[in-house]
>>> print(open('structure20.cif').read())   # mmCIF, C-alpha atoms
data_entry
#
loop_
_atom_site.label_atom_id
_atom_site.label_comp_id
_atom_site.auth_asym_id
_atom_site.auth_seq_id
_atom_site.Cartn_x
_atom_site.Cartn_y
_atom_site.Cartn_z
CA MET A 1 2.29 10.33 1.86
CA SER A 2 3.77 13.15 -0.09
CA THR A 3 2.11 16.48 -0.29
CA THR A 4 1.95 16.79 -4.03
CA ARG A 5 0.10 13.81 -5.48
CA PRO A 6 -3.69 13.85 -5.67
CA GLY A 7 -5.67 11.57 -3.44
CA GLU A 8 -3.10 11.40 -0.72
CA THR A 9 -3.12 12.46 2.85
CA THR A 10 -1.57 15.88 3.07
CA PRO A 11 -0.28 17.94 5.96
CA ASP A 12 -2.97 20.09 7.51
CA PRO A 13 -1.98 23.76 6.97
CA SER A 14 -4.28 24.89 9.75
CA ALA A 15 -2.40 22.94 12.39
CA ALA A 16 -0.72 25.20 14.93
CA ALA A 17 2.44 23.37 15.85
CA ALA A 18 5.48 23.65 13.63
CA PRO A 19 7.85 20.83 12.75
CA THR A 20 11.08 20.95 14.69
CA THR A 21 13.17 19.38 11.99
CA ALA A 22 14.01 20.39 8.48
CA PRO A 23 11.20 20.70 5.93
CA PRO A 24 11.08 18.38 2.92
CA GLY A 25 13.62 19.16 0.24
CA SER A 26 15.95 20.97 2.61
CA SER A 27 18.74 18.46 2.27
CA THR A 28 21.90 19.63 0.62
CA GLY A 29 23.19 16.26 -0.43
CA THR A 30 26.66 17.14 0.75
CA GLY A 31 27.10 13.86 2.62
CA SER A 32 27.81 10.42 1.29
CA LEU A 33 24.51 10.23 -0.61
CA ALA A 34 23.60 12.15 -3.73
CA LYS A 35 20.97 14.86 -3.47
CA ASP A 36 18.39 12.95 -5.49
CA THR A 37 18.87 9.92 -3.26
CA ILE A 38 18.47 12.06 -0.15
CA ASP A 39 15.36 13.68 -1.59
CA ALA A 40 13.80 10.27 -2.30
CA LEU A 41 14.62 9.13 1.22
CA GLN A 42 13.12 12.32 2.65
CA ALA A 43 9.92 11.66 0.71
CA ALA A 44 9.85 8.11 2.05
CA LEU A 45 10.40 9.38 5.57
CA ALA A 46 7.61 11.92 5.15
CA SER A 47 5.34 9.09 3.99
CA GLU A 48 6.24 7.06 7.05
CA HIS A 49 5.43 10.01 9.32
CA ALA A 50 2.05 10.41 7.63
CA ALA A 51 1.39 6.67 7.86
CA LEU A 52 2.02 6.64 11.60
CA TRP A 53 -0.36 9.56 12.09
CA ALA A 54 -3.05 8.08 9.83
CA TYR A 55 -2.94 4.63 11.40
CA GLY A 56 -4.10 6.28 14.61
CA LEU A 57 -7.23 7.25 12.72
CA VAL A 58 -7.63 3.74 11.33
CA ALA A 59 -7.34 2.27 14.81
CA ALA A 60 -10.07 4.59 16.08
CA TYR A 61 -12.61 3.59 13.43
CA ASP A 62 -11.71 -0.07 12.92
CA PRO A 63 -11.17 -1.50 16.41
CA LYS A 64 -11.48 -5.09 15.17
CA ALA A 65 -8.29 -4.56 13.17
CA ALA A 66 -6.32 -3.62 16.25
CA ALA A 67 -3.77 -6.39 15.85
CA ALA A 68 -3.16 -5.56 12.19
CA VAL A 69 -2.90 -1.86 12.98
CA THR A 70 -0.44 -2.48 15.79
CA ALA A 71 1.73 -4.64 13.57
CA ALA A 72 1.61 -2.04 10.81
CA ILE A 73 2.53 0.77 13.19
CA THR A 74 5.48 -1.19 14.55
CA SER A 75 6.70 -1.87 11.02
CA HIS A 76 6.32 1.77 9.96
CA GLN A 77 8.11 2.96 13.10
CA ASN A 78 11.05 0.72 12.24
CA THR A 79 11.09 1.88 8.64
CA ARG A 80 10.80 5.53 9.71
CA ASP A 81 13.80 5.16 12.01
CA LEU A 82 15.76 3.38 9.31
CA ALA A 83 15.02 6.12 6.79
CA ALA A 84 15.99 8.83 9.28
CA ASN A 85 19.28 7.10 10.05
CA LEU A 86 20.09 6.72 6.37
CA ILE A 87 19.43 10.41 5.80
CA VAL A 88 21.66 11.39 8.70
CA GLN A 89 24.41 9.11 7.45
CA GLY A 90 23.92 10.64 4.03
CA GLY A 91 24.70 14.07 5.41
CA ALA A 92 21.26 15.66 5.66
CA THR A 93 18.73 16.49 8.33
CA PRO A 94 15.69 14.19 8.37
CA VAL A 95 12.30 15.78 7.83
CA GLY A 96 10.05 15.71 10.84
CA PRO A 97 6.38 14.83 11.09
CA ASP A 98 3.71 17.39 10.42
CA PRO A 99 1.46 18.07 13.39
CA ALA A 100 -1.60 16.85 11.47
CA TYR A 101 -2.60 15.69 8.01
CA THR A 102 -5.63 16.03 5.78
CA THR A 103 -7.05 12.71 4.63
CA PRO A 104 -8.26 12.36 1.03
CA HIS A 105 -11.74 11.50 2.31
CA PRO A 106 -13.46 11.72 5.69
CA VAL A 107 -12.92 8.70 7.92
CA THR A 108 -16.24 7.89 9.57
CA ASP A 109 -16.53 4.10 9.74
CA VAL A 110 -14.78 0.77 9.19
CA ALA A 111 -14.99 0.98 5.40
CA THR A 112 -13.45 4.44 5.18
CA ALA A 113 -10.82 3.48 7.75
CA GLN A 114 -9.82 0.47 5.67
CA ALA A 115 -9.74 2.62 2.57
CA LEU A 116 -7.41 5.02 4.36
CA ALA A 117 -5.15 2.14 5.42
CA LEU A 118 -4.88 1.10 1.79
CA ILE A 119 -3.95 4.65 0.78
CA ILE A 120 -1.34 4.78 3.54
CA GLU A 121 0.36 1.66 2.27
CA SER A 122 0.05 2.67 -1.37
CA ASP A 123 1.72 6.00 -0.67
CA CYS A 124 4.56 4.41 1.28
CA ALA A 125 5.02 1.78 -1.43
CA ALA A 126 5.36 4.53 -4.03
CA ALA A 127 7.88 6.39 -1.92
CA TRP A 128 10.09 3.36 -1.34
CA ARG A 129 9.88 2.31 -4.97
CA SER A 130 11.16 5.75 -5.82
CA VAL A 131 14.08 5.28 -3.43
CA ALA A 132 15.03 2.11 -5.32
CA GLY A 133 15.09 4.15 -8.51
CA HIS A 134 17.08 7.05 -7.10
CA THR A 135 20.20 5.24 -6.02
CA ASP A 136 22.83 2.98 -7.51
CA ASP A 137 23.71 1.53 -4.12
CA SER A 138 22.65 -2.11 -3.99
CA THR A 139 22.28 -2.14 -0.20
CA LEU A 140 19.97 0.85 -0.25
CA ARG A 141 18.01 -0.69 -3.10
CA GLY A 142 17.61 -3.79 -0.95
CA THR A 143 16.36 -1.69 1.94
CA ALA A 144 13.87 0.03 -0.33
CA LEU A 145 12.69 -3.28 -1.72
CA SER A 146 12.14 -4.66 1.77
CA ALA A 147 10.02 -1.67 2.75
CA LEU A 148 8.12 -1.79 -0.55
CA THR A 149 7.40 -5.50 -0.10
CA ASP A 150 6.09 -4.95 3.42
CA CYS A 151 3.74 -2.28 2.12
CA ALA A 152 2.58 -4.49 -0.76
CA MET A 153 1.75 -7.33 1.61
CA ARG A 154 -0.21 -5.06 3.92
CA MET A 155 -2.06 -3.71 0.87
CA VAL A 156 -3.19 -7.27 0.15
CA SER A 157 -4.32 -7.69 3.76
CA TRP A 158 -6.34 -4.48 3.70
CA ARG A 159 -7.95 -5.33 0.35
CA LYS A 160 -8.88 -8.73 1.73
CA ALA A 161 -10.36 -7.15 4.85
CA ALA A 162 -12.36 -4.73 2.73
CA GLY A 163 -13.50 -7.42 0.29
CA ASP A 164 -11.82 -5.69 -2.64
CA THR A 165 -10.72 -7.51 -5.78
CA PRO A 166 -8.26 -8.19 -7.13
CA LEU A 167 -6.20 -8.71 -4.01
CA THR A 168 -2.90 -8.25 -5.80
CA ILE A 169 -1.63 -5.69 -8.28
CA PRO A 170 1.20 -6.26 -10.76
CA PHE A 171 3.37 -3.24 -9.89
CA PRO A 172 3.03 -2.15 -6.26
CA GLY A 173 4.26 1.40 -5.83
CA ALA A 174 4.11 2.28 -9.52
CA PRO A 175 2.41 5.57 -10.39
CA THR A 176 -0.49 3.85 -12.13
CA GLN A 177 -0.98 1.36 -9.29
CA SER A 178 -3.06 3.54 -7.00
CA ALA A 179 -4.88 2.15 -3.98
CA MET B 1 70.01 -45.65 -57.95
CA HIS B 2 69.04 -44.52 -54.53
CA GLU B 3 70.24 -40.93 -54.86
CA PRO B 4 67.28 -39.55 -56.89
CA ARG B 5 64.78 -41.23 -54.51
CA ARG B 6 66.43 -39.70 -51.42
CA HIS B 7 66.24 -36.31 -53.13
CA LEU B 8 62.50 -36.86 -53.81
CA LEU B 9 61.77 -37.63 -50.12
CA THR B 10 63.57 -34.51 -49.07
CA ARG B 11 61.48 -32.38 -51.40
CA ARG B 12 58.28 -33.95 -50.03
CA ALA B 13 59.37 -33.27 -46.50
CA LEU B 14 60.18 -29.70 -47.41
CA LEU B 15 56.80 -29.21 -49.07
CA ALA B 16 54.98 -30.73 -46.11
CA GLY B 17 56.86 -28.53 -43.67
CA THR B 18 56.17 -25.43 -45.71
CA GLY B 19 52.48 -26.28 -45.91
CA LEU B 20 52.21 -26.78 -42.16
CA GLY B 21 53.96 -23.48 -41.55
CA ALA B 22 51.62 -21.69 -43.92
CA LEU B 23 48.61 -23.27 -42.19
CA VAL B 24 49.86 -22.12 -38.78
CA ALA B 25 50.45 -18.63 -40.11
CA VAL B 26 46.99 -18.40 -41.66
CA ALA B 27 45.33 -19.72 -38.51
CA GLY B 28 47.09 -17.04 -36.53
CA CYS B 29 48.35 -19.35 -33.81
CA ASN B 30 51.71 -20.47 -32.70
CA PRO B 31 51.76 -23.95 -31.17
CA PHE B 32 54.93 -23.08 -29.28
CA SER B 33 53.66 -19.85 -27.81
CA LYS B 34 53.15 -19.58 -24.05
CA ALA B 35 50.77 -16.66 -24.41
CA ALA B 36 47.11 -16.93 -23.50
CA ARG B 37 44.88 -18.67 -26.00
CA THR B 38 43.40 -16.32 -28.52
CA VAL B 39 39.64 -16.22 -28.39
CA THR B 40 38.08 -15.41 -31.67
CA VAL B 41 34.61 -14.16 -32.40
CA THR B 42 32.62 -13.72 -35.51
CA ALA B 43 32.95 -10.15 -36.62
CA GLU B 44 29.83 -8.07 -37.08
CA PRO B 45 29.13 -7.23 -40.71
CA THR B 46 30.27 -3.72 -41.38
CA THR B 47 27.08 -3.08 -43.29
CA SER B 48 24.85 -3.78 -40.25
CA SER B 49 22.78 -0.75 -39.28
CA GLN B 50 21.93 -2.06 -35.80
CA PRO B 51 24.39 -2.60 -32.96
CA PRO B 52 24.46 -6.07 -31.42
CA ALA B 53 22.08 -6.69 -28.52
CA PRO B 54 23.93 -6.23 -25.24
CA ALA B 55 24.21 -9.11 -22.83
CA THR B 56 21.79 -8.22 -20.06
CA PRO B 57 20.24 -10.04 -17.09
CA ILE B 58 16.83 -8.90 -18.26
CA LEU B 59 16.79 -11.76 -20.75
CA SER B 60 16.95 -14.34 -17.98
CA LEU B 61 14.24 -12.45 -16.12
CA VAL B 62 12.10 -12.57 -19.24
CA ALA B 63 12.68 -16.32 -19.47
CA ILE B 64 11.81 -16.89 -15.81
CA THR B 65 8.65 -14.83 -16.17
CA ARG B 66 7.66 -16.54 -19.40
CA LEU B 67 7.96 -19.97 -17.77
CA HIS B 68 6.06 -18.72 -14.73
CA LEU B 69 3.30 -17.46 -17.01
CA ASP B 70 3.22 -20.74 -18.91
CA HIS B 71 2.74 -22.66 -15.67
CA LEU B 72 0.01 -20.25 -14.58
CA ASN B 73 -1.78 -20.61 -17.90
CA GLN B 74 -1.74 -24.38 -17.48
CA ALA B 75 -2.84 -24.09 -13.87
CA VAL B 76 -5.77 -21.83 -14.78
CA ALA B 77 -6.84 -24.37 -17.38
CA SER B 78 -6.51 -27.42 -15.16
CA ASP B 79 -7.32 -26.28 -11.62
CA ALA B 80 -10.99 -25.39 -11.36
CA ARG B 81 -10.86 -25.17 -7.58
CA ASP B 82 -8.38 -22.27 -7.49
CA ARG B 83 -9.13 -20.76 -10.89
CA ALA B 84 -10.12 -17.32 -9.59
CA VAL B 85 -6.95 -16.87 -7.57
CA LEU B 86 -4.73 -18.31 -10.27
CA THR B 87 -6.30 -16.06 -12.90
CA MET B 88 -5.55 -13.04 -10.74
CA LEU B 89 -1.91 -14.11 -10.43
CA ARG B 90 -1.73 -14.92 -14.14
CA ASN B 91 -2.88 -11.43 -15.03
CA ASP B 92 -0.15 -9.95 -12.86
CA VAL B 93 2.57 -12.10 -14.40
CA GLN B 94 1.26 -11.36 -17.89
CA ALA B 95 1.71 -7.68 -17.12
CA HIS B 96 5.21 -8.37 -15.80
CA LEU B 97 6.20 -10.13 -18.99
CA ALA B 98 4.84 -7.33 -21.16
CA ALA B 99 6.72 -4.73 -19.13
CA LEU B 100 9.96 -6.70 -19.20
CA GLU B 101 9.80 -7.26 -22.93
CA ALA B 102 9.05 -3.60 -23.48
CA GLU B 103 11.99 -2.64 -21.28
CA TYR B 104 14.29 -5.06 -23.06
CA GLY B 105 13.23 -3.62 -26.40
CA ARG B 106 13.78 -0.13 -25.11
CA SER B 107 17.21 -1.03 -23.74
CA ILE B 108 18.40 -2.23 -27.13
CA GLY B 109 16.64 0.54 -29.03
CA ASN B 110 14.15 -1.80 -30.63
CA THR B 111 10.48 -1.51 -29.86
CA ALA B 112 9.56 -4.62 -31.85
CA VAL B 113 11.14 -7.41 -29.85
CA PRO B 114 10.55 -10.91 -31.16
CA GLY B 115 8.56 -13.21 -28.94
CA THR B 116 6.51 -10.57 -27.21
CA SER B 117 3.93 -11.60 -24.66
CA SER B 118 1.11 -11.03 -27.10
CA SER B 119 2.36 -14.05 -29.00
CA THR B 120 2.07 -16.30 -25.96
CA PRO B 121 -0.18 -19.21 -26.96
CA PRO B 122 -3.47 -19.47 -25.12
CA PRO B 123 -3.71 -22.10 -22.40
CA THR B 124 -4.89 -25.54 -23.22
CA GLY B 125 -6.83 -27.93 -21.03
CA THR B 126 -3.98 -30.31 -20.41
CA SER B 127 -1.05 -29.64 -18.18
CA SER B 128 2.39 -30.44 -19.52
CA THR B 129 3.66 -30.27 -15.95
CA GLY B 130 1.55 -33.25 -14.99
CA ALA B 131 0.28 -31.24 -12.05
CA ASN B 132 -3.45 -31.80 -12.31
CA ASP B 133 -3.79 -32.22 -8.56
CA PRO B 134 -4.71 -28.75 -7.23
CA ASP B 135 -2.33 -28.95 -4.31
CA THR B 136 0.53 -29.96 -6.57
CA THR B 137 -0.36 -27.14 -8.94
CA LEU B 138 -0.33 -24.58 -6.16
CA ALA B 139 3.01 -25.90 -4.91
CA LEU B 140 4.46 -25.49 -8.41
CA ILE B 141 3.14 -21.94 -8.73
CA ARG B 142 4.34 -21.09 -5.25
CA GLY B 143 7.78 -22.37 -6.20
CA ASP B 144 7.77 -20.26 -9.35
CA ALA B 145 6.86 -17.18 -7.32
CA GLY B 146 9.72 -17.87 -4.92
CA LYS B 147 12.20 -18.24 -7.77
CA ALA B 148 10.94 -15.06 -9.36
CA GLN B 149 11.22 -13.13 -6.12
CA SER B 150 14.83 -14.25 -5.69
CA ALA B 151 15.73 -13.52 -9.30
CA PHE B 152 14.28 -10.00 -9.34
CA THR B 153 15.78 -9.22 -5.94
CA ASP B 154 19.22 -10.34 -7.15
CA ALA B 155 18.85 -8.37 -10.38
CA LEU B 156 18.37 -5.11 -8.48
CA ALA B 157 22.11 -4.74 -7.88
CA GLY B 158 23.17 -4.31 -11.48
CA ALA B 159 20.05 -2.70 -12.86
CA THR B 160 19.61 0.77 -14.25
CA ARG B 161 17.55 3.08 -12.09
CA TYR B 162 14.44 2.64 -14.19
CA GLN B 163 14.89 -1.11 -14.16
CA ALA B 164 15.48 -1.05 -10.39
CA GLU B 165 12.02 0.42 -9.88
CA LEU B 166 10.48 -2.11 -12.24
CA TYR B 167 12.26 -5.09 -10.68
CA ALA B 168 11.44 -3.90 -7.15
CA SER B 169 7.74 -3.70 -7.99
CA ILE B 170 7.76 -7.13 -9.59
CA ALA B 171 9.65 -8.66 -6.65
CA ALA B 172 7.13 -7.13 -4.26
CA CYS B 173 4.24 -8.39 -6.38
CA VAL B 174 5.43 -11.99 -6.48
CA ALA B 175 5.99 -11.77 -2.72
CA THR B 176 2.29 -11.01 -2.40
CA HIS B 177 1.58 -13.99 -4.65
CA ARG B 178 3.41 -16.23 -2.20
CA MET B 179 1.36 -14.67 0.57
CA VAL B 180 -1.91 -15.33 -1.25
CA LEU B 181 -0.90 -18.92 -2.00
CA SER B 182 0.28 -19.71 1.52
#
>>> encode(input="structure20.cif", output="C-alpha cells")
Amino acid sequence: MSTTRPGETTPDPSAAAAPTTAPPGSSTGTGSLAKDTIDALQAALASEHAALWAYGLVAAYDPKAAAAVTAAITSHQNTRDLAANLIVQGGATPVGPDPAYTTPHPVTDVATAQALALIIESDCAAAWRSVAGHTDDSTLRGTALSALTDCAMRMVSWRKAAGDTPLTIPFPGAPTQSA
Amino acid sequence: MHEPRRHLLTRRALLAGTGLGALVAVAGCNPFSKAARTVTVTAEPTTSSQPPAPATPILSLVAITRLHLDHLNQAVASDARDRAVLTMLRNDVQAHLAALEAEYGRSIGNTAVPGTSSSTPPPTGTSSTGANDPDTTLALIRGDAGKAQSAFTDALAGATRYQAELYASIAACVATHRMVLS
C-alpha cells in the first residue's frame, strides 16, 4: 500500500513511533540494482508492511476467515522478507513498517473487513507488477510474477467470500484494475 | 572425314562449359567452395515506407490467446451448465487479446494491425472441438489456461519493461482462471 494513490491504506501521521529504517525513496541505487528497480522494490516492501498491519484488522472483524487470514499473513511475511533481502543485496536499506496506517474506509464488520482485504491484495499486486516493469532481470521478474500471482489468487478468494462478481479481473495489478 | 566432326564436338563441349560457368557466376555460388552456404533473402523494396515487422514472441502469444478465446467462445455457446463462469473467463481473455494486439501494433509502429480482436467471429452453437460434455469442455479450457500461464511466464524474460508488466498481469490472471476451474 503506497502512500500516494487514492483509496489505499496510508501511514497514520498521528502515530507516535518512528520507523527505525530508511524512509521510502531513500535508496541510492549504488548497489547491484538500478535505482528505479530499488525504488519499485521499496514500494513493494512498503505494501507488504501495510498488508501485514491491515490483516490484523481483518482478523479482528472477520474471525470466520481466520485460516485464510493466517495463510495470507504467512505469505506476505515471506514476500516481505524476500523483498527486504533483494533490496539489501541491491545495495540499499529496506524501508521499515510505519507504526500505523489509515484505512480507506472504517472497518466495522465482516463486509468492511473483506473489502479491506481486497484492497490489501490489490495494492500489493500493483506494487509487484511495477517491480516486473522496473527491471530487466529475468529472475527478479519471476519473483515479482510469483508475488503478483499470489495476490491475484487471494483477490479471487476474497471476492468469492464477499459475494462479489466477477471473481476474476483481466489485468491484476494494473492501474485500472482497482479492488 | 572425321576431323570436322571432332572439331564440332569440341566446340559444343566448350560452349556447354562456358554456359555452366556463367550460370555458376550468376547464381553467386561456387560448388567447390568450402565456405558456409550463403543464405539469401528477398530484399525489401527500396520504395517501401514502412520497416519490416520485427520477429517478436508477442505474435505467438497473440496466437495462443486467440485460440484460447476461440475455445472459450465455443464453450460459452455449448456448455449451459458453466456458462456464467466461462463467460467471465472469456471476457478476460478477450481483453488480453485486445491488449496484446494493441501492444503488437504499437511495437511495430502500426496502430491498425490486421486481425484485431474486434474481427473475431461470434461464437456459434456447435463446438469444433467436439467437447460438448461440460467436464471435457472445462478440462480443455483448464488446459488452455495452463498453456497460457506457461507461455506468458516464459515470455517475461525477453520482454520490454512495458510488456513485462502486461505479460505478468496476464499470467496472473490465467492462474486465477485455473483456480476458478479447479
>>> closest_atom_pairs(input="structure20.cif", of="chain A", to="chain B", cutoff="9 Å", atoms="only C-alpha atoms", output="JSON lines")
{"residue": "A:Ala125", "atom": "CA", "partner": "B:Ser169", "partner_atom": "CA", "distance": 9.0}
{"residue": "A:Arg129", "atom": "CA", "partner": "B:Glu165", "partner_atom": "CA", "distance": 5.7}
{"residue": "A:Ser130", "atom": "CA", "partner": "B:Glu165", "partner_atom": "CA", "distance": 6.8}
{"residue": "A:Val131", "atom": "CA", "partner": "B:Glu165", "partner_atom": "CA", "distance": 8.3}
{"residue": "A:Ala132", "atom": "CA", "partner": "B:Glu165", "partner_atom": "CA", "distance": 5.7}
{"residue": "A:Gly133", "atom": "CA", "partner": "B:Arg161", "partner_atom": "CA", "distance": 4.5}
{"residue": "A:His134", "atom": "CA", "partner": "B:Arg161", "partner_atom": "CA", "distance": 6.4}
{"residue": "A:Thr135", "atom": "CA", "partner": "B:Arg161", "partner_atom": "CA", "distance": 7.0}
{"residue": "A:Asp136", "atom": "CA", "partner": "B:Arg161", "partner_atom": "CA", "distance": 7.0}
{"residue": "A:Asp137", "atom": "CA", "partner": "B:Ala157", "partner_atom": "CA", "distance": 7.5}
{"residue": "A:Ser138", "atom": "CA", "partner": "B:Ala157", "partner_atom": "CA", "distance": 4.7}
{"residue": "A:Thr139", "atom": "CA", "partner": "B:Ala157", "partner_atom": "CA", "distance": 8.1}
{"residue": "A:Arg141", "atom": "CA", "partner": "B:Leu156", "partner_atom": "CA", "distance": 7.0}
{"residue": "A:Gly142", "atom": "CA", "partner": "B:Thr153", "partner_atom": "CA", "distance": 7.6}
{"residue": "A:Ala144", "atom": "CA", "partner": "B:Ala168", "partner_atom": "CA", "distance": 8.2}
{"residue": "A:Leu145", "atom": "CA", "partner": "B:Ala168", "partner_atom": "CA", "distance": 5.6}
{"residue": "A:Ser146", "atom": "CA", "partner": "B:Ala172", "partner_atom": "CA", "distance": 8.2}
{"residue": "A:Leu148", "atom": "CA", "partner": "B:Ala172", "partner_atom": "CA", "distance": 6.6}
{"residue": "A:Thr149", "atom": "CA", "partner": "B:Ala172", "partner_atom": "CA", "distance": 4.5}
{"residue": "A:Asp150", "atom": "CA", "partner": "B:Ala172", "partner_atom": "CA", "distance": 8.1}
{"residue": "A:Cys151", "atom": "CA", "partner": "B:Ala172", "partner_atom": "CA", "distance": 8.7}
{"residue": "A:Ala152", "atom": "CA", "partner": "B:Ala172", "partner_atom": "CA", "distance": 6.3}
{"residue": "A:Met153", "atom": "CA", "partner": "B:Thr176", "partner_atom": "CA", "distance": 5.5}
{"residue": "A:Val156", "atom": "CA", "partner": "B:Thr176", "partner_atom": "CA", "distance": 7.1}
{"residue": "A:Pro166", "atom": "CA", "partner": "B:Met88", "partner_atom": "CA", "distance": 6.6}
{"residue": "A:Leu167", "atom": "CA", "partner": "B:Met88", "partner_atom": "CA", "distance": 8.0}
{"residue": "A:Thr168", "atom": "CA", "partner": "B:Thr176", "partner_atom": "CA", "distance": 6.8}
{"residue": "A:Ile169", "atom": "CA", "partner": "B:Asp92", "partner_atom": "CA", "distance": 6.4}
{"residue": "A:Pro170", "atom": "CA", "partner": "B:Asp92", "partner_atom": "CA", "distance": 4.5}
{"residue": "A:Phe171", "atom": "CA", "partner": "B:Ser169", "partner_atom": "CA", "distance": 4.8}
{"residue": "A:Pro172", "atom": "CA", "partner": "B:Ser169", "partner_atom": "CA", "distance": 5.3}
{"residue": "A:Gly173", "atom": "CA", "partner": "B:Ser169", "partner_atom": "CA", "distance": 6.5}
{"residue": "A:Ala174", "atom": "CA", "partner": "B:Ser169", "partner_atom": "CA", "distance": 7.2}
>>> atom_distance(input="structure20.cif", atom1="atom CA of Met155 of chain A", atom2="atom CA of Asp144 of chain B")
21.8 Å
>>> resolve_selection(input="structure20.cif", expression="the PyMOL selection byres ((chain B and resi 132-140) around 12)", output="ChimeraX atom specification")
/B:67-83,85-86,89,125-131,141-147,177-178,180-182
>>> write_last_selection(input="structure20.cif", atoms="C-alpha atoms", output="tab-separated table (two decimals), in the coordinates of the input")
chain	number	residue	atom	x	y	z
B	67	LEU	CA	7.96	-19.97	-17.77
B	68	HIS	CA	6.06	-18.72	-14.73
B	69	LEU	CA	3.30	-17.46	-17.01
B	70	ASP	CA	3.22	-20.74	-18.91
B	71	HIS	CA	2.74	-22.66	-15.67
B	72	LEU	CA	0.01	-20.25	-14.58
B	73	ASN	CA	-1.78	-20.61	-17.90
B	74	GLN	CA	-1.74	-24.38	-17.48
B	75	ALA	CA	-2.84	-24.09	-13.87
B	76	VAL	CA	-5.77	-21.83	-14.78
B	77	ALA	CA	-6.84	-24.37	-17.38
B	78	SER	CA	-6.51	-27.42	-15.16
B	79	ASP	CA	-7.32	-26.28	-11.62
B	80	ALA	CA	-10.99	-25.39	-11.36
B	81	ARG	CA	-10.86	-25.17	-7.58
B	82	ASP	CA	-8.38	-22.27	-7.49
B	83	ARG	CA	-9.13	-20.76	-10.89
B	85	VAL	CA	-6.95	-16.87	-7.57
B	86	LEU	CA	-4.73	-18.31	-10.27
B	89	LEU	CA	-1.91	-14.11	-10.43
B	125	GLY	CA	-6.83	-27.93	-21.03
B	126	THR	CA	-3.98	-30.31	-20.41
B	127	SER	CA	-1.05	-29.64	-18.18
B	128	SER	CA	2.39	-30.44	-19.52
B	129	THR	CA	3.66	-30.27	-15.95
B	130	GLY	CA	1.55	-33.25	-14.99
B	131	ALA	CA	0.28	-31.24	-12.05
B	141	ILE	CA	3.14	-21.94	-8.73
B	142	ARG	CA	4.34	-21.09	-5.25
B	143	GLY	CA	7.78	-22.37	-6.20
B	144	ASP	CA	7.77	-20.26	-9.35
B	145	ALA	CA	6.86	-17.18	-7.32
B	146	GLY	CA	9.72	-17.87	-4.92
B	147	LYS	CA	12.20	-18.24	-7.77
B	177	HIS	CA	1.58	-13.99	-4.65
B	178	ARG	CA	3.41	-16.23	-2.20
B	180	VAL	CA	-1.91	-15.33	-1.25
B	181	LEU	CA	-0.90	-18.92	-2.00
B	182	SER	CA	0.28	-19.71	1.52
>>> resolve_selection(input="structure20.cif", expression="the PyMOL selection byres ((chain A and resi 61) around 12)", output="list in words")
Ala54, Tyr55, Gly56, Leu57, Val58, Ala59, Ala60, Asp62, Pro63, Lys64, Ala65, Ala66, Val69, Pro106, Val107, Thr108, Asp109, Val110, Ala111, Thr112, Ala113, Gln114, Ala115, Leu116 and Ala117 of chain A
>>> atom_distance(input="structure20.cif", atom1="atom CA of Gln42 of chain A", atom2="atom CA of Ala67 of chain A")
28.5 Å
>>> atom_distance(input="structure20.cif", atom1="atom CA of Pro99 of chain A", atom2="atom CA of Thr176 of chain A")
29.3 Å
>>> resolve_selection(input="structure20.cif", expression="the PyMOL selection byres ((chain B and resi 58) around 10)", output="list in words")
Ala55, Thr56, Pro57, Leu59, Ser60, Leu61, Val62, Ala63, Ile64, Leu100, Glu101, Glu103, Tyr104, Ser107, Phe152, Ala155, Ala159, Gln163 and Tyr167 of chain B
>>> write_last_selection(input="structure20.cif", atoms="C-alpha atoms", output="tab-separated table (two decimals), in the frame of the given file")
chain	number	residue	atom	x	y	z
B	55	ALA	CA	24.21	-9.11	-22.83
B	56	THR	CA	21.79	-8.22	-20.06
B	57	PRO	CA	20.24	-10.04	-17.09
B	59	LEU	CA	16.79	-11.76	-20.75
B	60	SER	CA	16.95	-14.34	-17.98
B	61	LEU	CA	14.24	-12.45	-16.12
B	62	VAL	CA	12.10	-12.57	-19.24
B	63	ALA	CA	12.68	-16.32	-19.47
B	64	ILE	CA	11.81	-16.89	-15.81
B	100	LEU	CA	9.96	-6.70	-19.20
B	101	GLU	CA	9.80	-7.26	-22.93
B	103	GLU	CA	11.99	-2.64	-21.28
B	104	TYR	CA	14.29	-5.06	-23.06
B	107	SER	CA	17.21	-1.03	-23.74
B	152	PHE	CA	14.28	-10.00	-9.34
B	155	ALA	CA	18.85	-8.37	-10.38
B	159	ALA	CA	20.05	-2.70	-12.86
B	163	GLN	CA	14.89	-1.11	-14.16
B	167	TYR	CA	12.26	-5.09	-10.68
>>> build_atoms(input="structure20.cif", residues="segment 95-102 of chain A", atoms="N, CA and C atoms", output="CSV table (one decimal), in the coordinates of the input")
chain,number,residue,atom,x,y,z
A,95,VAL,N,13.5,15.0,7.7
A,95,VAL,CA,12.3,15.8,7.8
A,95,VAL,C,11.5,15.2,9.0
A,96,GLY,N,10.8,16.1,9.7
A,96,GLY,CA,10.0,15.7,10.8
A,96,GLY,C,8.6,15.5,10.5
A,97,PRO,N,7.8,15.0,11.4
A,97,PRO,CA,6.4,14.8,11.1
A,97,PRO,C,5.6,16.2,11.1
A,98,ASP,N,4.6,16.2,10.3
A,98,ASP,CA,3.7,17.4,10.4
A,98,ASP,C,2.8,17.2,11.6
A,99,PRO,N,2.3,18.2,12.2
A,99,PRO,CA,1.5,18.1,13.4
A,99,PRO,C,0.1,17.4,13.1
A,100,ALA,N,-0.4,17.5,11.9
A,100,ALA,CA,-1.6,16.8,11.5
A,100,ALA,C,-1.6,16.8,9.9
A,101,TYR,N,-2.5,15.9,9.5
A,101,TYR,CA,-2.6,15.7,8.0
A,101,TYR,C,-4.1,15.7,7.6
A,102,THR,N,-4.3,16.0,6.3
A,102,THR,CA,-5.6,16.0,5.8
A,102,THR,C,-5.8,14.7,5.0
